[in-house]
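Peer 1: Contents of my_file.tsv (TSV, C-alpha atoms) are given next:
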chain	number	residue	atom	x	y	z
A	5	MET	CA	45.76	-24.16	-37.85
A	6	LYS	CA	42.36	-22.65	-37.17
A	7	ALA	CA	42.89	-20.23	-40.02
A	8	MET	CA	43.72	-23.10	-42.36
A	9	ALA	CA	40.64	-25.01	-41.23
A	10	ALA	CA	38.48	-21.97	-41.80
A	11	MET	CA	39.95	-21.53	-45.27
A	12	ALA	CA	39.27	-25.19	-46.05
A	13	ALA	CA	35.70	-24.77	-44.91
A	14	MET	CA	35.38	-21.74	-47.13
A	15	THR	CA	36.74	-23.64	-50.11
A	16	GLY	CA	34.38	-26.51	-49.43
A	17	ALA	CA	31.42	-24.12	-49.56
A	18	GLN	CA	32.36	-23.34	-53.15
A	19	GLN	CA	32.55	-26.93	-54.35
A	20	PRO	CA	30.01	-27.94	-57.08
A	21	LEU	CA	26.72	-29.21	-55.77
A	22	PRO	CA	25.48	-32.73	-56.63
A	23	ALA	CA	23.88	-33.17	-60.04
A	24	ALA	CA	20.13	-32.64	-60.27
A	25	SER	CA	17.52	-33.44	-62.90
A	26	ALA	CA	14.49	-31.55	-64.15
A	27	ALA	CA	11.71	-31.82	-66.72
A	28	LEU	CA	11.16	-28.46	-68.41
A	29	HIS	CA	8.05	-27.61	-70.41
A	30	SER	CA	7.93	-25.08	-73.21
A	31	VAL	CA	7.29	-21.41	-72.48
A	32	VAL	CA	6.62	-20.86	-76.20
A	33	ALA	CA	4.58	-23.18	-78.45
A	34	ALA	CA	3.58	-21.77	-81.83
A	35	GLN	CA	3.04	-22.62	-85.47
A	36	ALA	CA	4.51	-20.53	-88.27
A	37	ASN	CA	2.52	-20.41	-91.51
A	38	ALA	CA	4.01	-19.25	-94.82
A	39	MET	CA	2.24	-16.23	-96.31
A	40	PRO	CA	1.51	-15.90	-100.06
A	41	GLY	CA	3.63	-12.77	-100.38
A	42	GLY	CA	6.57	-14.25	-98.50
A	43	GLY	CA	7.56	-14.49	-94.89
A	44	TYR	CA	5.66	-16.20	-92.08
A	45	SER	CA	2.85	-15.43	-89.70
A	46	VAL	CA	2.85	-16.92	-86.20
A	47	ALA	CA	-0.16	-18.35	-84.37
A	48	ASP	CA	-0.79	-20.25	-81.14
A	49	PRO	CA	-2.07	-23.75	-81.96
A	50	PRO	CA	-4.49	-25.06	-79.31
A	51	VAL	CA	-3.73	-28.79	-79.43
A	52	TYR	CA	-0.81	-29.65	-81.70
A	53	ILE	CA	1.85	-28.22	-83.97
A	54	ASP	CA	1.60	-29.36	-87.59
A	55	ALA	CA	4.85	-29.23	-89.57
A	56	TYR	CA	3.94	-29.66	-93.22
A	57	HIS	CA	5.30	-28.82	-96.66
A	58	ASP	CA	3.46	-29.11	-99.98
A	59	PRO	CA	5.33	-27.23	-102.75
A	60	ILE	CA	2.48	-27.73	-105.23
A	61	LYS	CA	-0.12	-26.04	-103.03
A	62	GLY	CA	2.40	-23.65	-101.54
A	63	ALA	CA	1.70	-24.92	-98.02
A	64	ASP	CA	4.51	-24.52	-95.53
A	65	THR	CA	3.94	-24.74	-91.78
A	66	ARG	CA	6.59	-25.07	-89.09
A	67	GLY	CA	6.61	-25.73	-85.35
A	68	ILE	CA	8.26	-23.39	-82.84
A	69	LEU	CA	9.06	-24.32	-79.24
A	70	GLU	CA	11.20	-22.50	-76.68
A	71	PHE	CA	12.38	-23.60	-73.23
A	72	ASP	CA	13.65	-21.41	-70.39
A	73	LEU	CA	16.98	-22.76	-69.13
A	74	SER	CA	17.33	-19.97	-66.57
A	75	LEU	CA	15.20	-22.21	-64.34
A	76	ILE	CA	18.27	-24.43	-63.92
A	77	GLY	CA	20.89	-21.69	-63.99
A	78	GLY	CA	21.44	-21.56	-67.76
A	79	ALA	CA	23.00	-23.84	-70.37
A	80	SER	CA	26.42	-23.76	-68.69
A	81	THR	CA	25.14	-26.09	-65.94
A	82	LEU	CA	24.01	-28.86	-68.34
A	83	THR	CA	25.51	-32.34	-68.36
A	84	TYR	CA	22.71	-34.11	-70.29
A	85	ILE	CA	19.75	-32.98	-72.39
A	86	GLN	CA	17.03	-34.68	-74.41
A	87	PHE	CA	13.69	-33.64	-75.90
A	88	ARG	CA	10.62	-35.87	-75.79
A	89	ALA	CA	7.30	-35.37	-77.52
A	90	ARG	CA	4.30	-37.35	-78.74
A	91	THR	CA	4.48	-37.24	-82.53
A	92	SER	CA	2.43	-38.58	-85.42
A	93	THR	CA	2.39	-38.23	-89.18
A	94	SER	CA	0.25	-38.49	-92.27
A	95	SER	CA	1.38	-38.67	-95.88
A	96	GLN	CA	-0.11	-38.31	-99.33
A	97	SER	CA	2.25	-41.01	-100.58
A	98	SER	CA	1.68	-44.52	-99.32
A	99	GLY	CA	4.48	-45.60	-97.00
A	100	ALA	CA	6.29	-42.26	-97.26
A	101	TYR	CA	6.51	-41.73	-93.55
A	102	THR	CA	9.63	-39.69	-93.06
A	103	LEU	CA	11.65	-37.96	-90.40
A	104	LEU	CA	10.92	-34.94	-88.26
A	105	ASN	CA	13.92	-32.62	-88.16
A	106	LEU	CA	14.63	-30.38	-85.18
A	107	TYR	CA	16.75	-27.26	-85.53
A	108	ALA	CA	18.13	-25.51	-82.44
A	109	TYR	CA	18.50	-21.75	-82.06
A	110	ALA	CA	18.97	-19.12	-79.36
A	111	GLY	CA	15.51	-17.83	-78.55
A	112	ASN	CA	14.12	-14.88	-76.62
A	113	GLY	CA	11.00	-16.29	-74.98
A	114	THR	CA	8.66	-15.02	-77.72
A	115	ALA	CA	7.43	-16.66	-80.93
A	116	GLU	CA	8.47	-14.56	-83.91
A	117	ALA	CA	8.31	-14.96	-87.69
A	118	ALA	CA	12.11	-14.93	-87.80
A	119	ASP	CA	12.17	-18.15	-85.74
A	120	ALA	CA	10.65	-20.00	-88.71
A	121	ILE	CA	13.88	-19.70	-90.71
A	122	GLU	CA	16.32	-20.71	-87.95
A	123	THR	CA	17.64	-23.73	-89.87
A	124	ALA	CA	21.40	-23.26	-89.40
A	125	LEU	CA	21.80	-26.00	-86.77
A	126	LEU	CA	20.14	-29.39	-87.24
A	127	ILE	CA	20.30	-30.75	-83.69
A	128	ALA	CA	18.34	-34.03	-83.99
A	129	THR	CA	15.91	-36.06	-86.05
A	130	THR	CA	13.36	-38.75	-85.24
A	131	GLY	CA	13.23	-42.20	-86.66
A	132	THR	CA	10.02	-43.26	-88.38
A	133	TYR	CA	6.94	-41.75	-86.82
A	134	ASP	CA	4.52	-43.80	-84.77
A	135	THR	CA	1.60	-43.43	-87.19
A	136	SER	CA	-0.94	-44.34	-84.52
A	137	GLY	CA	-0.17	-41.08	-82.75
A	138	ASN	CA	0.57	-42.89	-79.49
A	139	GLY	CA	4.36	-42.93	-79.65
A	140	ILE	CA	6.70	-40.64	-77.75
A	141	SER	CA	9.73	-39.74	-79.83
A	142	THR	CA	13.03	-39.02	-78.09
A	143	PHE	CA	15.64	-36.61	-79.43
A	144	ASN	CA	19.05	-36.71	-77.75
A	145	PHE	CA	21.01	-33.46	-77.97
A	146	ASN	CA	24.76	-32.90	-77.78
A	147	VAL	CA	25.36	-30.93	-74.57
A	148	ASN	CA	28.46	-29.10	-75.82
A	149	THR	CA	26.66	-28.03	-78.98
A	150	ILE	CA	23.81	-26.55	-76.94
A	151	LYS	CA	26.24	-24.74	-74.63
A	152	SER	CA	28.15	-23.30	-77.59
A	153	LEU	CA	24.94	-22.23	-79.31
A	154	LEU	CA	23.35	-20.48	-76.35
A	155	GLY	CA	26.25	-19.02	-74.38
A	156	ASN	CA	24.50	-16.82	-71.82
A	157	VAL	CA	21.15	-16.81	-73.66
A	158	PRO	CA	18.58	-18.53	-71.40
A	159	TYR	CA	16.09	-19.67	-74.06
A	160	LEU	CA	16.62	-22.79	-76.15
A	161	GLY	CA	14.52	-22.65	-79.31
A	162	LEU	CA	13.50	-25.67	-81.39
A	163	LEU	CA	12.18	-25.43	-84.94
A	164	ALA	CA	10.34	-28.53	-86.20
A	165	LEU	CA	10.22	-29.37	-89.91
A	166	PRO	CA	9.32	-32.52	-91.86
A	167	SER	CA	12.32	-33.91	-93.72
A	168	SER	CA	10.49	-34.29	-97.04
A	169	ASP	CA	7.59	-32.84	-99.01
A	170	PHE	CA	3.96	-33.97	-98.78
A	171	THR	CA	4.35	-35.23	-95.21
A	172	SER	CA	2.66	-33.76	-92.17
A	173	GLY	CA	4.39	-34.20	-88.82
A	174	LYS	CA	2.45	-33.33	-85.69
A	175	ILE	CA	3.68	-32.62	-82.15
A	176	LEU	CA	0.99	-32.84	-79.50
A	177	LEU	CA	1.04	-29.90	-77.08
A	178	THR	CA	-1.41	-30.89	-74.38
A	179	ALA	CA	-0.90	-33.36	-71.55
A	180	SER	CA	-4.61	-33.81	-70.86
A	181	PRO	CA	-6.38	-36.17	-70.95
A	182	PRO	CA	-3.97	-39.09	-70.37
A	183	PRO	CA	-2.15	-40.73	-72.08
A	184	ASN	CA	-1.41	-37.47	-73.85
A	185	PHE	CA	2.07	-36.05	-73.35
A	186	ALA	CA	3.21	-32.43	-73.61
A	187	PRO	CA	6.65	-31.68	-75.11
A	188	GLU	CA	9.32	-32.01	-72.46
A	189	LEU	CA	13.00	-31.13	-72.17
A	190	ASP	CA	14.66	-33.59	-69.78
A	191	VAL	CA	17.93	-32.28	-68.36
A	192	VAL	CA	20.63	-33.24	-65.89
A	193	TYR	CA	22.61	-30.30	-64.55
A	194	VAL	CA	25.03	-29.28	-61.82
A	195	PRO	CA	23.64	-26.33	-59.84
A	196	GLU	CA	26.02	-23.47	-59.24
A	197	PRO	CA	26.75	-22.39	-55.64
A	198	SER	CA	24.19	-19.88	-54.47
A	199	GLY	CA	25.08	-16.22	-54.23
A	200	ALA	CA	24.74	-16.41	-50.46
A	201	CYS	CA	27.39	-19.16	-50.22
A	202	ALA	CA	29.76	-17.25	-52.47
A	203	ALA	CA	29.30	-14.05	-50.45
A	204	ALA	CA	29.91	-15.93	-47.21
A	205	ALA	CA	33.14	-17.33	-48.62
A	206	VAL	CA	34.36	-13.83	-49.46
A	207	VAL	CA	33.57	-12.60	-45.93
A	208	VAL	CA	35.53	-15.49	-44.40
A	209	ALA	CA	38.51	-14.81	-46.67
A	210	GLU	CA	38.56	-11.11	-45.77
A	211	ALA	CA	38.35	-11.93	-42.07
A	212	LEU	CA	41.33	-14.28	-42.33
A	213	LEU	CA	43.41	-11.70	-44.15
A	214	LYS	CA	42.65	-9.02	-41.57
A	215	ARG	CA	43.37	-11.23	-38.53
A	216	ARG	CA	46.23	-9.79	-36.45
A	217	PRO	CA	49.09	-12.08	-35.27
A	218	ARG	CA	49.00	-12.98	-31.56
A	219	SER	CA	51.72	-12.55	-28.89
A	220	GLY	CA	54.27	-11.12	-31.24
A	221	VAL	CA	54.13	-14.07	-33.65
A	222	GLY	CA	55.08	-12.87	-37.07
A	223	LYS	CA	56.31	-9.47	-35.83
A	224	LEU	CA	59.66	-8.10	-36.91
A	225	PRO	CA	62.15	-7.45	-34.11
Could you render the structure from this file as structure tokens?
Peer 2:
Amino acid sequence: MKAMAAMAAMTGAQQPLPAASAALHSVVAAQANAMPGGGYSVADPPVYIDAYHDPIKGADTRGILEFDLSLIGGASTLTYIQFRARTSTSSQSSGAYTLLNLYAYAGNGTAEAADAIETALLIATTGTYDTSGNGISTFNFNVNTIKSLLGNVPYLGLLALPSSDFTSGKILLTASPPPNFAPELDVVYVPEPSGACAAAAVVVAEALLKRRPRSGVGKLP
């Protein structure tokens, strides 16, 4: 009976922990600018990312953000995920305020020119911008899509593009002074058992297997 109780205690140590929540801030925030000869150059914008496309002038700028999910144990622990950011827009055409598209990709913790063309997976889009610049847009992501995209890659990358030409969409990067708001990835996740708990469970199991029977119990005649 004691052995069974010990085994039950061991099993209990491996049960999933209660769900937790976290607000993650970007470890990469950059703007990619199209170069005349092709390709993109990457720079660190000080205050905001400006996603803009003007085919007449040849202007093409894109926003790059990456978040480190290893802080919560990786994408496999996720049960909920959304992105929030303060956005604003300006347009050369009256009333042509359009959508900001977000594309998700597996990042590496560094802003690179190749990130500017990661448009295979459209993960979310805003509604109409708050043109006053005071609105916080919310993008809800599909958890299973993010898990499938990243696998064991810890960095979630987001590429921001305007959905139409001649429209500039900005994402504010700084949280100071208030009421400014830095881009934020809000997640709910289930932490995995710590390595120490798992190791302890193995030790208990080995001890139970090695325990000798007492007073002839279990011995062959």
Peer 1: For a quick check of understanding, using only C-alpha atoms, which of A:Ser92, A:Asn156, A:Asn184, A:Thr123 has the smallest distance to Gly77 in chain A?
Peer 2: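 Answer, going by the shortest atom-to-atom distance: A:Asn156.
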Peer 1: Counting all atoms listed in the file, figure out which residue out of A:Ala63, A:Ala89, A:Leu104, A:Ala38 gets nearest to Leu189 in chain A.
Peer 2: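 Closest to Leu189 in chain A, using all atoms listed in the file: A:Ala89.
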Peer 1: For range 162-179 of chain A, take all atoms listed in the file, fit an axis-aligned box around them, add 3 Å to each of the six sides, then output centre and edge lengths in Å rounded to one decimal, as AutoDock Vina command-line options.
Peer 2:
--center_x 6.0 --center_y -30.3 --center_z -85.3 --size_x 20.9 --size_y 15.8 --size_z 33.5
Peer 1: In Å, how far is it from CA of Ala120 in chain A to CA of Tyr193 in chain A?
Peer 2: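 Computing the Euclidean distance for CA of Ala120 in chain A and CA of Tyr193 in chain A yields 28.9 Å.
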Peer 1: Hey, which of A:Ser30, A:Thr114, A:Asn146, A:Ser152 ends up closest to Asp72 in chain A? Count only C-alpha atoms.
Peer 2: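 Of A:Ser30, A:Thr114, A:Asn146, A:Ser152, the one nearest Asp72 in chain A, counting only C-alpha atoms, is A:Ser30.
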Peer 1: So which one's closest to Tyr159 in chain A, A:Ala24, A:Val191, A:Leu106, A:Ala79? Using all atoms listed in the file, please.
Peer 2: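 Of A:Ala24, A:Val191, A:Leu106, A:Ala79, the one nearest Tyr159 in chain A is A:Ala79, counting all atoms listed in the file.
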Peer 1: Just want the 12 Å neighbourhood of Leu154 in chain A, counted on all atoms listed in the file, with same-chain residues fewer than 2 positions away dropped. Output as a VMD selection string.
Peer 2: chain A and resid 71 to 74 78 to 82 108 to 112 125 147 to 152 156 to 161
Peer 1: Save out the residues we just selected, C-alpha atoms, as a compact mmCIF listing (two decimals), in the frame of the given file.
Peer 2:
# COMPACT_ATOMS: atom_id res chain seq x y z
CA PHE A 71 12.38 -23.60 -73.23
CA ASP A 72 13.65 -21.41 -70.39
CA LEU A 73 16.98 -22.76 -69.13
CA SER A 74 17.33 -19.97 -66.57
CA GLY A 78 21.44 -21.56 -67.76
CA ALA A 79 23.00 -23.84 -70.37
CA SER A 80 26.42 -23.76 -68.69
CA THR A 81 25.14 -26.09 -65.94
CA LEU A 82 24.01 -28.86 -68.34
CA ALA A 108 18.13 -25.51 -82.44
CA TYR A 109 18.50 -21.75 -82.06
CA ALA A 110 18.97 -19.12 -79.36
CA GLY A 111 15.51 -17.83 -78.55
CA ASN A 112 14.12 -14.88 -76.62
CA LEU A 125 21.80 -26.00 -86.77
CA VAL A 147 25.36 -30.93 -74.57
CA ASN A 148 28.46 -29.10 -75.82
CA THR A 149 26.66 -28.03 -78.98
CA ILE A 150 23.81 -26.55 -76.94
CA LYS A 151 26.24 -24.74 -74.63
CA SER A 152 28.15 -23.30 -77.59
CA ASN A 156 24.50 -16.82 -71.82
CA VAL A 157 21.15 -16.81 -73.66
CA PRO A 158 18.58 -18.53 -71.40
CA TYR A 159 16.09 -19.67 -74.06
CA LEU A 160 16.62 -22.79 -76.15
CA GLY A 161 14.52 -22.65 -79.31
Peer 1: Looking at A:Asp64, A:Asp54, A:Asp169, A:Asp48, which one is nearest to Ala115 in chain A, with distances taken over only C-alpha atoms?
Peer 2: A:Asp48
Peer 1: What would range 161-176 of chain A look like with N, CA and C atoms in place, written as a short mmCIF file (atom, residue, chain, number, x, y, z; two decimals), in the coordinates of the input?
Peer 2:
data_model
loop_
_atom_site.label_atom_id
_atom_site.label_comp_id
_atom_site.auth_asym_id
_atom_site.auth_seq_id
_atom_site.Cartn_x
_atom_site.Cartn_y
_atom_site.Cartn_z
N GLY A 161 15.59 -22.55 -78.33
CA GLY A 161 14.52 -22.65 -79.31
C GLY A 161 14.67 -23.89 -80.16
N LEU A 162 13.53 -24.51 -80.51
CA LEU A 162 13.50 -25.67 -81.39
C LEU A 162 12.53 -25.40 -82.52
N LEU A 163 13.01 -25.57 -83.75
CA LEU A 163 12.18 -25.43 -84.94
C LEU A 163 11.95 -26.81 -85.54
N ALA A 164 10.69 -27.19 -85.70
CA ALA A 164 10.34 -28.53 -86.20
C ALA A 164 9.90 -28.45 -87.66
N LEU A 165 10.55 -29.29 -88.49
CA LEU A 165 10.22 -29.37 -89.91
C LEU A 165 10.15 -30.83 -90.34
N PRO A 166 9.26 -31.17 -91.29
CA PRO A 166 9.32 -32.52 -91.86
C PRO A 166 10.53 -32.60 -92.78
N SER A 167 11.09 -33.78 -92.93
CA SER A 167 12.32 -33.91 -93.72
C SER A 167 12.05 -34.05 -95.21
N SER A 168 10.79 -34.19 -95.62
CA SER A 168 10.49 -34.29 -97.04
C SER A 168 9.13 -33.68 -97.33
N ASP A 169 8.85 -33.46 -98.59
CA ASP A 169 7.59 -32.84 -99.01
C ASP A 169 6.41 -33.80 -98.86
N PHE A 170 5.22 -33.23 -98.80
CA PHE A 170 3.96 -33.97 -98.78
C PHE A 170 3.79 -34.83 -97.52
N THR A 171 4.48 -34.49 -96.47
CA THR A 171 4.35 -35.23 -95.21
C THR A 171 4.05 -34.26 -94.09
N SER A 172 3.05 -34.60 -93.29
CA SER A 172 2.66 -33.76 -92.17
C SER A 172 3.12 -34.40 -90.87
N GLY A 173 3.94 -33.70 -90.11
CA GLY A 173 4.39 -34.20 -88.82
C GLY A 173 3.79 -33.38 -87.69
N LYS A 174 3.13 -34.04 -86.77
CA LYS A 174 2.45 -33.33 -85.69
C LYS A 174 3.14 -33.57 -84.35
N ILE A 175 3.20 -32.53 -83.52
CA ILE A 175 3.68 -32.62 -82.15
C ILE A 175 2.54 -32.20 -81.23
N LEU A 176 2.09 -33.12 -80.42
CA LEU A 176 0.99 -32.84 -79.50
C LEU A 176 1.48 -31.88 -78.41
#
